[in-house]
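Encoded as structure tokens, the structure appears first; notes follow it.
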Amino acid sequence: MKKLYFIINPQAKNGRCQKVWRKLEKILDEQNISYEAFFTAYHGHGKEIVQLISEKETGKKVVIVVVGGDGTMHEVVNGAVVNKHIQLAYIPGGSGNDFSRGFGIPRNPVAALYHLLRQLKEEASLIDLGRITNKDEEYIYFVNNMGVGLDAHIARKVNLSKIKKLLNRVSLGKLVYVYFLLKSVFTYQRSSIEIIIDGKKIAFDSTWFVTVSNQPFFGGGMKISPNASPFDGQLNITVVHNLSRLKLLFVFITVFWGGHVAFKEVETFTGSEIRISSPDSIQAHADGEDIGCTPLTTITCRRFLPILSKASGME
Ligand SMILES: Nc1ncnc2c1ncn2[C@@H]1O[C@H](COP(=O)(O)OP(=O)(O)OP(=O)(O)O)[C@@H](O)[C@H]1O
């Protein structure tokens with residue numbers, strides 16, 4: 001049996017993840033499953049805990065299970081990439097949980113735990129990751145998506161918001177992205193952006209955002225990139241530009257089923273190296289976490305991270 005570690009963000013979903021963990025802990029204890037649990041205490045701690053586990057278990061195969069949201073998964077992924085003997089798994093405990101949508105993991109945390117326990121006996125699947133190089137030449141990996149423009153602006157607002165707490169309390173946490181979109185749509189300043197995809201330069205005026213996806217979902221269930229797959233060695237780029245504020249709202253409704261890609265103002269591309277720059281620096285995010293501003297270069301890291309999940313529809 002592989003050694004099992006849990007990294008729990010007790011603050012995910014505004015503290016409701018603690019309740020989720022208590023349920024999971026009870027099942028693990030009832031089934032006499034041996035594990036160790038660590039709790040994140042601050043932003044960035046998830047990555048540090050992975051390093052700690054890795055030093056303790058040098059060279060041994062271990063499974064690290066994230067119990068939290070996409071932000072915690074992002075931190076753990078960034079710790080795990082340098083330790084090839086670590087396999088990752090995920091139990092949704094956050095507000096958005098797009099990782100579980102994109103990787104076929106049950107949305108119910110208890111069902112996700114049983115799913116994981118079954119997967120422990122199986123081989124892990126190697127998935128693609130995106131790797132961003134920022135202007136300080138630092139690497140930032142993402143598992144879901146990265147973006148520049150309005151999506152990063154909203155991600156920052158969401159992370160700092162009090163309304164998220166309120167919505168989580170009535171189990172509507174994933175609507176927080178919708179709330180901030182509605183708030184930002186009439187004030188956000190669009191920009192010119194230049195993208196170079198595998199050497200081919202494309203310039204866009206009046207751009208709302210550019211999203212680079214490894215899997216289809218963003219922002220708590222929006223199907224921003226319906227064709228993205230973490231197994232194809234490619235990243236999927238979505239550019240929304242030259243669109244009036246009112247029409248953006250209309251197009252936005254269709255993003256929940258991926259219908260937005262039919263609009264002429266929504267352009268999609270695929271590539272394995274994407275350079276994004278702009279005359280003024282524009283906010284960027286990776287997996288919903290603030291990562292500074294443009295210019296940025298993103299590449300695909302093909303079949304880079306072992307993940308324990310093999311739901312139907314996945315390779
Ligand atoms: N103990 C802690 N106190 C405060 N913030 C923390 C703590 N542990 C982790 N964090 C930070 O909380 C942020 C949000 O965490 P996470 O994404 O897991 O939950 P969420 O926002 O509820 O879910 P989602 O991202 O799926 O919407 C992350 O940036 C993470 O670094």
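Following the order of the structure tokens, chains are lettered A, B, ..., residues in each are numbered from 1, and ligands are numbered from 1.
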Could you please write out, as a PyMOL selection string, every residue of range 148-235 of chain A that DSSP assigns to helix (DSSP H, G or I)?
chain A and resi 150-160+163-169+173-184
For N, CA and C atoms, I'd like the residues from the last selection saved as a PDB file, in the first residue's frame.
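Resulting contents of part-v2.pdb:
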ATOM      1  N   LEU A 150      -9.425  40.284 -17.779  1.00  0.00           N
ATOM      2  CA  LEU A 150     -10.598  40.312 -16.903  1.00  0.00           C
ATOM      3  C   LEU A 150     -10.675  39.088 -15.977  1.00  0.00           C
ATOM      4  N   ASP A 151     -10.297  37.905 -16.475  1.00  0.00           N
ATOM      5  CA  ASP A 151     -10.407  36.716 -15.614  1.00  0.00           C
ATOM      6  C   ASP A 151      -9.465  36.815 -14.412  1.00  0.00           C
ATOM      7  N   ALA A 152      -8.252  37.365 -14.643  1.00  0.00           N
ATOM      8  CA  ALA A 152      -7.303  37.535 -13.540  1.00  0.00           C
ATOM      9  C   ALA A 152      -7.790  38.628 -12.584  1.00  0.00           C
ATOM     10  N   HIS A 153      -8.398  39.661 -13.157  1.00  0.00           N
ATOM     11  CA  HIS A 153      -8.944  40.754 -12.356  1.00  0.00           C
ATOM     12  C   HIS A 153     -10.037  40.212 -11.419  1.00  0.00           C
ATOM     13  N   ILE A 154     -10.899  39.353 -11.985  1.00  0.00           N
ATOM     14  CA  ILE A 154     -11.981  38.761 -11.181  1.00  0.00           C
ATOM     15  C   ILE A 154     -11.402  37.797 -10.137  1.00  0.00           C
ATOM     16  N   ALA A 155     -10.420  36.986 -10.543  1.00  0.00           N
ATOM     17  CA  ALA A 155      -9.818  36.032  -9.598  1.00  0.00           C
ATOM     18  C   ALA A 155      -9.250  36.775  -8.393  1.00  0.00           C
ATOM     19  N   ARG A 156      -8.598  37.914  -8.649  1.00  0.00           N
ATOM     20  CA  ARG A 156      -8.035  38.677  -7.526  1.00  0.00           C
ATOM     21  C   ARG A 156      -9.143  39.203  -6.612  1.00  0.00           C
ATOM     22  N   LYS A 157     -10.202  39.750  -7.232  1.00  0.00           N
ATOM     23  CA  LYS A 157     -11.330  40.279  -6.439  1.00  0.00           C
ATOM     24  C   LYS A 157     -11.946  39.167  -5.593  1.00  0.00           C
ATOM     25  N   VAL A 158     -12.121  37.986  -6.225  1.00  0.00           N
ATOM     26  CA  VAL A 158     -12.747  36.851  -5.523  1.00  0.00           C
ATOM     27  C   VAL A 158     -11.908  36.474  -4.313  1.00  0.00           C
ATOM     28  N   ASN A 159     -10.583  36.388  -4.503  1.00  0.00           N
ATOM     29  CA  ASN A 159      -9.713  35.953  -3.410  1.00  0.00           C
ATOM     30  C   ASN A 159      -9.737  36.924  -2.229  1.00  0.00           C
ATOM     31  N   LEU A 160     -10.047  38.194  -2.511  1.00  0.00           N
ATOM     32  CA  LEU A 160     -10.039  39.188  -1.433  1.00  0.00           C
ATOM     33  C   LEU A 160     -11.443  39.484  -0.892  1.00  0.00           C
ATOM     34  N   ILE A 163     -17.902  38.834   0.152  1.00  0.00           N
ATOM     35  CA  ILE A 163     -19.160  38.282  -0.376  1.00  0.00           C
ATOM     36  C   ILE A 163     -19.038  36.763  -0.589  1.00  0.00           C
ATOM     37  N   LYS A 164     -17.802  36.287  -0.824  1.00  0.00           N
ATOM     38  CA  LYS A 164     -17.570  34.856  -1.012  1.00  0.00           C
ATOM     39  C   LYS A 164     -18.021  34.093   0.245  1.00  0.00           C
ATOM     40  N   LYS A 165     -17.705  34.672   1.397  1.00  0.00           N
ATOM     41  CA  LYS A 165     -18.074  34.077   2.689  1.00  0.00           C
ATOM     42  C   LYS A 165     -19.597  33.921   2.771  1.00  0.00           C
ATOM     43  N   LEU A 166     -20.260  35.012   2.390  1.00  0.00           N
ATOM     44  CA  LEU A 166     -21.720  35.049   2.457  1.00  0.00           C
ATOM     45  C   LEU A 166     -22.328  33.993   1.535  1.00  0.00           C
ATOM     46  N   LEU A 167     -21.814  33.941   0.299  1.00  0.00           N
ATOM     47  CA  LEU A 167     -22.348  32.981  -0.676  1.00  0.00           C
ATOM     48  C   LEU A 167     -22.030  31.544  -0.262  1.00  0.00           C
ATOM     49  N   ASN A 168     -20.833  31.324   0.300  1.00  0.00           N
ATOM     50  CA  ASN A 168     -20.486  29.973   0.759  1.00  0.00           C
ATOM     51  C   ASN A 168     -21.429  29.521   1.870  1.00  0.00           C
ATOM     52  N   ARG A 169     -21.827  30.482   2.710  1.00  0.00           N
ATOM     53  CA  ARG A 169     -22.704  30.150   3.840  1.00  0.00           C
ATOM     54  C   ARG A 169     -24.035  29.586   3.346  1.00  0.00           C
ATOM     55  N   GLY A 173     -21.293  29.385  -3.162  1.00  0.00           N
ATOM     56  CA  GLY A 173     -19.932  29.911  -3.302  1.00  0.00           C
ATOM     57  C   GLY A 173     -19.470  30.042  -4.738  1.00  0.00           C
ATOM     58  N   LYS A 174     -19.876  29.094  -5.597  1.00  0.00           N
ATOM     59  CA  LYS A 174     -19.347  29.159  -6.957  1.00  0.00           C
ATOM     60  C   LYS A 174     -19.916  30.356  -7.730  1.00  0.00           C
ATOM     61  N   LEU A 175     -20.986  30.972  -7.213  1.00  0.00           N
ATOM     62  CA  LEU A 175     -21.564  32.137  -7.903  1.00  0.00           C
ATOM     63  C   LEU A 175     -20.764  33.417  -7.678  1.00  0.00           C
ATOM     64  N   VAL A 176     -19.728  33.317  -6.822  1.00  0.00           N
ATOM     65  CA  VAL A 176     -18.957  34.510  -6.529  1.00  0.00           C
ATOM     66  C   VAL A 176     -18.278  35.056  -7.805  1.00  0.00           C
ATOM     67  N   TYR A 177     -17.874  34.174  -8.727  1.00  0.00           N
ATOM     68  CA  TYR A 177     -17.258  34.614  -9.985  1.00  0.00           C
ATOM     69  C   TYR A 177     -18.285  35.379 -10.826  1.00  0.00           C
ATOM     70  N   VAL A 178     -19.508  34.881 -10.826  1.00  0.00           N
ATOM     71  CA  VAL A 178     -20.584  35.530 -11.580  1.00  0.00           C
ATOM     72  C   VAL A 178     -20.828  36.921 -10.993  1.00  0.00           C
ATOM     73  N   TYR A 179     -20.860  36.997  -9.679  1.00  0.00           N
ATOM     74  CA  TYR A 179     -21.097  38.270  -8.991  1.00  0.00           C
ATOM     75  C   TYR A 179     -20.030  39.306  -9.402  1.00  0.00           C
ATOM     76  N   PHE A 180     -18.745  38.897  -9.381  1.00  0.00           N
ATOM     77  CA  PHE A 180     -17.692  39.858  -9.703  1.00  0.00           C
ATOM     78  C   PHE A 180     -17.621  40.172 -11.198  1.00  0.00           C
ATOM     79  N   LEU A 181     -18.054  39.230 -12.014  1.00  0.00           N
ATOM     80  CA  LEU A 181     -18.105  39.544 -13.441  1.00  0.00           C
ATOM     81  C   LEU A 181     -19.130  40.658 -13.653  1.00  0.00           C
ATOM     82  N   LEU A 182     -20.301  40.492 -13.053  1.00  0.00           N
ATOM     83  CA  LEU A 182     -21.360  41.492 -13.225  1.00  0.00           C
ATOM     84  C   LEU A 182     -20.897  42.848 -12.702  1.00  0.00           C
ATOM     85  N   LYS A 183     -20.099  42.831 -11.633  1.00  0.00           N
ATOM     86  CA  LYS A 183     -19.604  44.079 -11.051  1.00  0.00           C
ATOM     87  C   LYS A 183     -18.519  44.726 -11.935  1.00  0.00           C
ATOM     88  N   SER A 184     -17.666  43.888 -12.556  1.00  0.00           N
ATOM     89  CA  SER A 184     -16.503  44.434 -13.281  1.00  0.00           C
ATOM     90  C   SER A 184     -16.822  44.800 -14.720  1.00  0.00           C
TER      91      SER A 184
END
Dump as a tab-separated table the rows for residues of range 205-269 of chain A within 10 Å of range 72-96 of chain A: closest atom pair and distance in Å with one decimal, only C-alpha atoms counted, ordered by chain and rising residue number.
residue	atom	partner	partner_atom	distance
A:Phe217	CA	A:Gly96	CA	9.9
A:Phe218	CA	A:Gly96	CA	8.4
A:Gly219	CA	A:Gly96	CA	6.4
A:Gly220	CA	A:Gly96	CA	3.9
A:Gly221	CA	A:Gly96	CA	7.2
A:Met222	CA	A:Gly96	CA	10.0
For ligand 1, collect every residue having any atom at a distance of at most 7 Å from a ligand atom (counting only C-alpha atoms and all ligand atoms); output as an mmCIF file with C-alpha atoms, in the first residue's frame.
data_model
loop_
_atom_site.group_PDB
_atom_site.id
_atom_site.type_symbol
_atom_site.label_atom_id
_atom_site.label_comp_id
_atom_site.auth_asym_id
_atom_site.auth_seq_id
_atom_site.Cartn_x
_atom_site.Cartn_y
_atom_site.Cartn_z
ATOM 1 C CA ASN A 9 -6.839 23.730 3.755
ATOM 2 C CA PRO A 10 -9.097 24.295 6.773
ATOM 3 C CA GLN A 11 -9.971 27.762 5.454
ATOM 4 C CA ALA A 12 -11.163 26.582 2.023
ATOM 5 C CA LYS A 13 -14.800 27.371 1.308
ATOM 6 C CA ASN A 14 -14.556 29.888 4.134
ATOM 7 C CA THR A 40 -2.209 24.580 5.740
ATOM 8 C CA ALA A 41 -1.861 27.604 7.995
ATOM 9 C CA TYR A 42 -1.224 30.354 5.435
ATOM 10 C CA HIS A 43 -1.001 31.148 1.740
ATOM 11 C CA GLY A 44 1.901 29.215 0.167
ATOM 12 C CA HIS A 45 2.047 26.630 2.977
ATOM 13 C CA GLY A 46 0.748 23.822 0.715
ATOM 14 C CA GLY A 68 -9.414 22.012 -0.416
ATOM 15 C CA GLY A 69 -9.978 24.169 -3.451
ATOM 16 C CA ASP A 70 -8.143 24.899 -6.688
ATOM 17 C CA GLY A 71 -5.796 27.344 -4.943
ATOM 18 C CA THR A 72 -4.503 24.654 -2.580
ATOM 19 C CA MET A 73 -4.198 22.179 -5.463
ATOM 20 C CA GLU A 75 0.281 25.176 -4.447
ATOM 21 C CA GLY A 94 -13.216 24.519 -1.857
ATOM 22 C CA SER A 95 -15.693 26.946 -3.398
ATOM 23 C CA GLY A 96 -15.031 26.342 -7.086
ATOM 24 C CA ASN A 97 -13.323 22.931 -7.364
ATOM 25 C CA ASP A 98 -12.708 23.095 -11.107
ATOM 26 C CA ASN A 159 -9.713 35.953 -3.410
ATOM 27 C CA LYS A 174 -19.347 29.159 -6.957
ATOM 28 C CA GLY A 220 -16.479 27.329 -10.624
ATOM 29 C CA GLY A 288 -7.162 31.442 -9.935
ATOM 30 C CA GLU A 289 -4.124 32.604 -7.920
#
Need the shell around Ile282 in chain A: protein/DNA/RNA residues with any atom at most 9 Å away, counting only C-alpha atoms. Skip same-chain ones fewer than 2 positions apart. Format as a ChimeraX atom specification?
/A:148-149,152-153,191,277-280,284,292-295
Writer output for current selection, C-alpha atoms, as a compact mmCIF listing (two decimals), in the first residue's frame:
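Done, and the output landed in selection31.txt:
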# COMPACT_ATOMS: atom_id res chain seq x y z
CA VAL A 148 -4.54 37.51 -18.46
CA GLY A 149 -7.07 40.36 -18.25
CA ALA A 152 -7.30 37.53 -13.54
CA HIS A 153 -8.94 40.75 -12.36
CA SER A 191 -6.38 46.43 -23.63
CA SER A 277 2.56 40.66 -23.91
CA SER A 278 0.82 44.03 -23.82
CA PRO A 279 1.83 47.72 -24.01
CA ASP A 280 0.65 48.22 -20.40
CA ALA A 284 -2.45 37.49 -14.66
CA GLY A 292 1.61 39.30 -11.20
CA CYS A 293 1.46 40.80 -14.68
CA THR A 294 2.36 40.44 -18.35
CA PRO A 295 4.71 39.67 -20.11
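With CA of Gln215 in chain A on one side and CA of Arg16 in chain A on the other, the separation reads 26.0 Å.
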Kindly assemble as JSON lines a list of the range 161-223 of chain A residues that lie within 10 Å of range 234-252 of chain A, each paired with its nearest atom pair and their distance in Å to one decimal, using only C-alpha atoms, sorted first by chain and then by ascending residue number.
{"residue": "A:Val178", "atom": "CA", "partner": "A:Phe252", "partner_atom": "CA", "distance": 9.2}
{"residue": "A:Leu181", "atom": "CA", "partner": "A:Leu249", "partner_atom": "CA", "distance": 8.6}
{"residue": "A:Leu182", "atom": "CA", "partner": "A:Leu249", "partner_atom": "CA", "distance": 7.7}
{"residue": "A:Ser184", "atom": "CA", "partner": "A:Arg245", "partner_atom": "CA", "distance": 9.9}
{"residue": "A:Val185", "atom": "CA", "partner": "A:Arg245", "partner_atom": "CA", "distance": 6.2}
{"residue": "A:Phe186", "atom": "CA", "partner": "A:Arg245", "partner_atom": "CA", "distance": 6.4}
{"residue": "A:Thr187", "atom": "CA", "partner": "A:Arg245", "partner_atom": "CA", "distance": 9.2}
{"residue": "A:Tyr188", "atom": "CA", "partner": "A:Arg245", "partner_atom": "CA", "distance": 9.3}
{"residue": "A:Arg190", "atom": "CA", "partner": "A:His241", "partner_atom": "CA", "distance": 8.3}
{"residue": "A:Ser191", "atom": "CA", "partner": "A:His241", "partner_atom": "CA", "distance": 9.0}
{"residue": "A:Ser192", "atom": "CA", "partner": "A:His241", "partner_atom": "CA", "distance": 9.1}
{"residue": "A:Ile193", "atom": "CA", "partner": "A:His241", "partner_atom": "CA", "distance": 9.6}
{"residue": "A:Ile195", "atom": "CA", "partner": "A:Val239", "partner_atom": "CA", "distance": 9.8}
{"residue": "A:Ile197", "atom": "CA", "partner": "A:Ile237", "partner_atom": "CA", "distance": 9.1}
{"residue": "A:Phe204", "atom": "CA", "partner": "A:His241", "partner_atom": "CA", "distance": 6.9}
{"residue": "A:Asp205", "atom": "CA", "partner": "A:Asn242", "partner_atom": "CA", "distance": 6.6}
{"residue": "A:Ser206", "atom": "CA", "partner": "A:Asn242", "partner_atom": "CA", "distance": 5.3}
{"residue": "A:Thr207", "atom": "CA", "partner": "A:His241", "partner_atom": "CA", "distance": 4.1}
{"residue": "A:Trp208", "atom": "CA", "partner": "A:His241", "partner_atom": "CA", "distance": 5.5}
{"residue": "A:Phe209", "atom": "CA", "partner": "A:Val240", "partner_atom": "CA", "distance": 5.6}
{"residue": "A:Val210", "atom": "CA", "partner": "A:Val239", "partner_atom": "CA", "distance": 4.5}
{"residue": "A:Thr211", "atom": "CA", "partner": "A:Thr238", "partner_atom": "CA", "distance": 5.2}
{"residue": "A:Val212", "atom": "CA", "partner": "A:Ile237", "partner_atom": "CA", "distance": 4.5}
{"residue": "A:Ser213", "atom": "CA", "partner": "A:Asn236", "partner_atom": "CA", "distance": 5.1}
{"residue": "A:Asn214", "atom": "CA", "partner": "A:Leu235", "partner_atom": "CA", "distance": 5.5}
{"residue": "A:Gln215", "atom": "CA", "partner": "A:Asn236", "partner_atom": "CA", "distance": 8.4}
{"residue": "A:Pro216", "atom": "CA", "partner": "A:Asn236", "partner_atom": "CA", "distance": 8.9}
{"residue": "A:Met222", "atom": "CA", "partner": "A:Phe252", "partner_atom": "CA", "distance": 9.0}
Residues of range 260-308 of chain A that approach range 128-139 of chain A to 12 Å or less, counting only C-alpha atoms: could you list each one with the shortest pair of atoms and its distance in Å to one decimal, rows by chain and increasing residue number, as a Markdown table?
| residue | atom | partner | partner_atom | distance |
| --- | --- | --- | --- | --- |
| A:Gly271 | CA | A:Gly130 | CA | 11.2 |
| A:Ser272 | CA | A:Gly130 | CA | 8.9 |
| A:Glu273 | CA | A:Gly130 | CA | 9.5 |
| A:Ile274 | CA | A:Ile132 | CA | 9.2 |
| A:Arg275 | CA | A:Ile132 | CA | 9.4 |
| A:Ile276 | CA | A:Asn134 | CA | 10.4 |
| A:Ser277 | CA | A:Lys135 | CA | 10.6 |
| A:Ser281 | CA | A:Lys135 | CA | 11.0 |
| A:Gln283 | CA | A:Asn134 | CA | 11.9 |
| A:Ala284 | CA | A:Asn134 | CA | 10.1 |
| A:His285 | CA | A:Ile132 | CA | 10.3 |
| A:Ala286 | CA | A:Ile132 | CA | 8.5 |
| A:Asp287 | CA | A:Gly130 | CA | 10.3 |
| A:Ile291 | CA | A:Asn134 | CA | 8.4 |
| A:Gly292 | CA | A:Asn134 | CA | 8.2 |
| A:Cys293 | CA | A:Asn134 | CA | 8.1 |
| A:Thr294 | CA | A:Asn134 | CA | 7.6 |
| A:Pro295 | CA | A:Lys135 | CA | 6.3 |
| A:Leu296 | CA | A:Asn134 | CA | 4.9 |
| A:Thr297 | CA | A:Thr133 | CA | 5.2 |
| A:Thr298 | CA | A:Ile132 | CA | 4.3 |
| A:Ile299 | CA | A:Arg131 | CA | 5.3 |
| A:Thr300 | CA | A:Gly130 | CA | 4.7 |
| A:Cys301 | CA | A:Leu129 | CA | 5.1 |
| A:Arg302 | CA | A:Asp128 | CA | 4.5 |
| A:Arg303 | CA | A:Asp128 | CA | 4.4 |
| A:Phe304 | CA | A:Asp128 | CA | 5.3 |
| A:Leu305 | CA | A:Asp128 | CA | 6.7 |
| A:Pro306 | CA | A:Asp128 | CA | 9.3 |
| A:Ile307 | CA | A:Asp128 | CA | 10.2 |
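We find CA of Glu36 in chain A and CA of Leu4 in chain A to be spaced 6.6 Å apart.
Using only C-alpha atoms, the residues found no farther than 10 Å from Val110 in chain A, other than those of its own chain fewer than 3 positions away, are Val20, Trp21, Lys23, Leu24, Ile27, Ile91, Pro92, Pro106, Arg107, Leu113, Tyr114, His115 and Leu116 of chain A.
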Distance CA of Ile105 in chain A-CA of Asp232 in chain A, one decimal place?
19.2 Å
With distances taken over only C-alpha atoms, which of A:Lys2, A:Phe269, A:Ile253, A:Arg101 is nearest to Glu122 in chain A?
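Residue with the minimum atom-to-atom distance to Glu122 in chain A: A:Lys2.
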Nearest residue to Phe99 in chain A out of A:Val50, A:Val66, A:Ala124, A:Val261, using only C-alpha atoms?
A:Val66
